[in-house]
file structure_21.cif (mmCIF, C-alpha atoms)
data_protein
loop_
_atom_site.label_atom_id
_atom_site.label_comp_id
_atom_site.auth_asym_id
_atom_site.auth_seq_id
_atom_site.Cartn_x
_atom_site.Cartn_y
_atom_site.Cartn_z
CA MET Z 116 -19.61 -9.49 3.97
CA VAL Z 117 -20.54 -6.11 5.45
CA PHE Z 118 -18.02 -6.58 8.26
CA VAL Z 119 -15.28 -7.54 5.81
CA MET Z 120 -15.97 -4.48 3.64
CA PHE Z 121 -15.98 -2.28 6.74
CA GLY Z 122 -12.70 -3.78 7.92
CA ILE Z 123 -11.05 -3.32 4.54
CA SER Z 124 -12.22 0.29 4.32
CA VAL Z 125 -10.81 1.03 7.78
CA ILE Z 126 -7.47 -0.62 6.94
CA VAL Z 127 -7.14 1.29 3.66
CA PHE Z 128 -8.08 4.53 5.42
CA LEU Z 129 -5.46 3.98 8.11
CA ILE Z 130 -2.77 3.00 5.61
CA PHE Z 131 -3.48 6.22 3.74
CA PHE Z 132 -2.72 8.25 6.87
CA TRP Z 133 0.00 6.14 8.51
CA THR Z 134 2.30 5.67 5.52
CA PRO Z 135 5.49 7.66 6.20
CA GLY Z 136 5.61 10.88 4.21
CA SER Z 137 1.97 10.70 3.20
CA ASP Z 138 0.61 13.88 4.73
CA PRO Z 139 -2.58 14.50 2.73
CA ALA Z 140 -2.44 18.25 3.41
CA ALA Z 141 1.08 18.44 1.97
CA ARG Z 142 -0.03 16.55 -1.13
CA ILE Z 143 -3.01 18.83 -1.63
CA ALA Z 144 -1.16 22.11 -0.91
CA GLY Z 145 1.98 21.25 -2.87
CA ARG Z 146 5.62 20.76 -2.01
CA ASN Z 147 6.59 24.31 -1.14
CA ALA Z 148 3.51 25.20 0.90
CA SER Z 149 3.98 27.40 3.94
CA PRO Z 150 2.88 26.20 7.40
CA GLN Z 151 -0.06 28.62 7.24
CA VAL Z 152 -1.26 27.13 3.95
CA LEU Z 153 -0.88 23.60 5.33
CA ALA Z 154 -2.91 24.55 8.41
CA ALA Z 155 -5.62 26.09 6.21
CA VAL Z 156 -5.78 22.98 4.02
CA ARG Z 157 -5.97 20.72 7.08
CA HIS Z 158 -8.85 22.81 8.42
CA ASP Z 159 -10.70 23.03 5.08
CA PHE Z 160 -10.53 19.27 4.46
CA GLY Z 161 -11.13 18.30 8.09
CA LEU Z 162 -7.68 16.79 8.46
CA ASP Z 163 -7.23 18.51 11.82
CA ARG Z 164 -9.95 16.34 13.37
CA PRO Z 165 -9.39 12.93 15.02
CA LEU Z 166 -9.11 9.94 12.65
CA PRO Z 167 -12.46 8.36 13.63
CA VAL Z 168 -14.23 11.64 12.84
CA GLN Z 169 -12.39 11.89 9.51
CA TYR Z 170 -13.38 8.31 8.66
CA ALA Z 171 -17.03 8.98 9.55
CA LEU Z 172 -17.05 12.16 7.42
CA MET Z 173 -15.50 10.30 4.49
CA MET Z 174 -18.12 7.52 4.68
CA LYS Z 175 -20.89 10.13 4.98
CA LYS Z 176 -19.62 11.92 1.85
CA LEU Z 177 -19.36 8.68 -0.12
CA PHE Z 178 -22.58 6.94 0.87
CA ILE Z 179 -25.03 9.51 2.24
CA THR Z 180 -24.43 12.84 0.49
CA ARG Z 181 -22.72 11.14 -2.49
CA THR Z 182 -20.09 13.86 -2.72
CA TRP Z 183 -17.68 11.99 -4.96
CA PRO Z 184 -14.00 12.91 -4.75
CA ARG Z 185 -12.22 14.79 -7.51
CA SER Z 186 -8.79 14.04 -8.89
CA ARG Z 187 -6.25 16.61 -7.78
CA ASN Z 188 -4.30 16.33 -11.03
CA ARG Z 189 -7.14 16.41 -13.55
CA GLY Z 190 -9.88 18.09 -11.54
CA GLN Z 191 -12.34 15.44 -12.77
CA LEU Z 192 -14.54 13.14 -10.73
CA VAL Z 193 -12.73 9.97 -9.70
CA ILE Z 194 -15.59 7.52 -10.40
CA PRO Z 195 -15.69 8.12 -14.20
CA GLN Z 196 -11.91 7.70 -14.29
CA LEU Z 197 -12.25 4.35 -12.49
CA VAL Z 198 -14.98 3.25 -14.90
CA GLU Z 199 -12.74 4.24 -17.83
CA ALA Z 200 -9.85 2.16 -16.47
CA THR Z 201 -11.98 -0.90 -15.61
CA PRO Z 202 -11.72 -2.70 -19.01
CA ILE Z 203 -7.93 -2.49 -18.98
CA THR Z 204 -7.76 -3.71 -15.39
CA LEU Z 205 -10.13 -6.60 -16.11
CA SER Z 206 -8.11 -7.65 -19.15
CA LEU Z 207 -4.97 -7.77 -17.01
CA VAL Z 208 -6.76 -9.76 -14.29
CA ILE Z 209 -8.25 -12.25 -16.74
CA GLY Z 210 -4.94 -12.64 -18.61
CA GLY Z 211 -3.06 -13.19 -15.36
CA ALA Z 212 -5.64 -15.72 -14.13
CA PHE Z 213 -5.41 -17.58 -17.44
CA LEU Z 214 -1.62 -17.76 -17.23
CA TRP Z 215 -1.85 -18.86 -13.59
CA VAL Z 216 -4.25 -21.71 -14.46
CA VAL Z 217 -2.23 -22.84 -17.47
CA GLY Z 218 0.99 -22.74 -15.44
CA GLY Z 219 -0.63 -24.66 -12.58
CA ILE Z 220 -1.92 -27.35 -14.89
CA ALA Z 221 1.49 -27.63 -16.57
CA VAL Z 222 3.27 -28.01 -13.22
CA GLY Z 223 0.65 -30.53 -12.07
CA LEU Z 224 1.04 -32.59 -15.25
CA ALA Z 225 4.83 -32.50 -14.93
CA ALA Z 226 4.59 -33.65 -11.31
CA ALA Z 227 2.20 -36.47 -12.26
CA ALA Z 228 4.37 -37.59 -15.20
CA THR Z 229 7.51 -37.78 -13.07
CA LYS Z 230 6.12 -39.80 -10.19
CA ASN Z 231 8.76 -40.81 -7.61
CA SER Z 232 11.46 -38.81 -9.38
CA ILE Z 233 13.61 -36.01 -7.97
CA LEU Z 234 11.03 -33.45 -9.18
CA ASP Z 235 8.29 -35.24 -7.26
CA ARG Z 236 10.27 -35.21 -3.99
CA ALA Z 237 11.03 -31.47 -4.05
#
call {"tool": "encode", "arguments": {"input": "structure_21.cif", "output": "structure tokens"}}
result
Amino acid sequence: MVFVMFGISVIVFLIFFWTPGSDPAARIAGRNASPQVLAAVRHDFGLDRPLPVQYALMMKKLFITRTWPRSRNRGQLVIPQLVEATPITLSLVIGGAFLWVVGGIAVGLAAAATKNSILDRA
């Protein structure tokens, strides 16, 4: 499980940086930031370092020093915002799973009731 979690964290980290038009420094500094401001932001946040170093620093902040990230829009810690959104997310997941199970049972019953028909051959 540890290897899977590590792999997922690396993939998400790389997607964050390799998505076209997703320069983190530009998002932090704003749309009309000058090249000097972008360079300063990259230096301040460590975005001018190699990706493995950035990943190691991010993991250190999250798990060793517990320096939790802040939302750029609200200026609040991200973790309490995630906790606040968890009940809504869980209700959507549970509702979707319920619909998926009910739909699967309905399709299974329809397939069983129409044995050797055109629906069964599809």
call {"tool": "residues_near_point", "arguments": {"input": "structure_21.cif", "point": "(-1.5, 17.2, -2.5)", "cutoff": "12 Å", "atoms": "all atoms listed in the file", "output": "list in words"}}
result
Gly136, Ser137, Asp138, Pro139, Ala140, Ala141, Arg142, Ile143, Ala144, Gly145, Arg146, Asn147, Ala148, Val152, Leu153, Val156, Arg157, Phe160, Ser186, Arg187 and Asn188 of chain Z
call {"tool": "closest_residue", "arguments": {"input": "structure_21.cif", "among": "Z:Met120, Z:Val127, Z:Val217, Z:Leu224", "to": "Tyr170 in chain Z", "atoms": "only C-alpha atoms"}}
result
Z:Val127
call {"tool": "atom_distance", "arguments": {"input": "structure_21.cif", "atom1": "CA of Gly122 in chain Z", "atom2": "CA of Ala171 in chain Z"}}
result
13.6 Å
call {"tool": "atom_distance", "arguments": {"input": "structure_21.cif", "atom1": "CA of Phe132 in chain Z", "atom2": "CA of Pro167 in chain Z"}}
result
11.9 Å
call {"tool": "atom_distance", "arguments": {"input": "structure_21.cif", "atom1": "CA of Val198 in chain Z", "atom2": "CA of Leu177 in chain Z"}}
result
16.3 Å
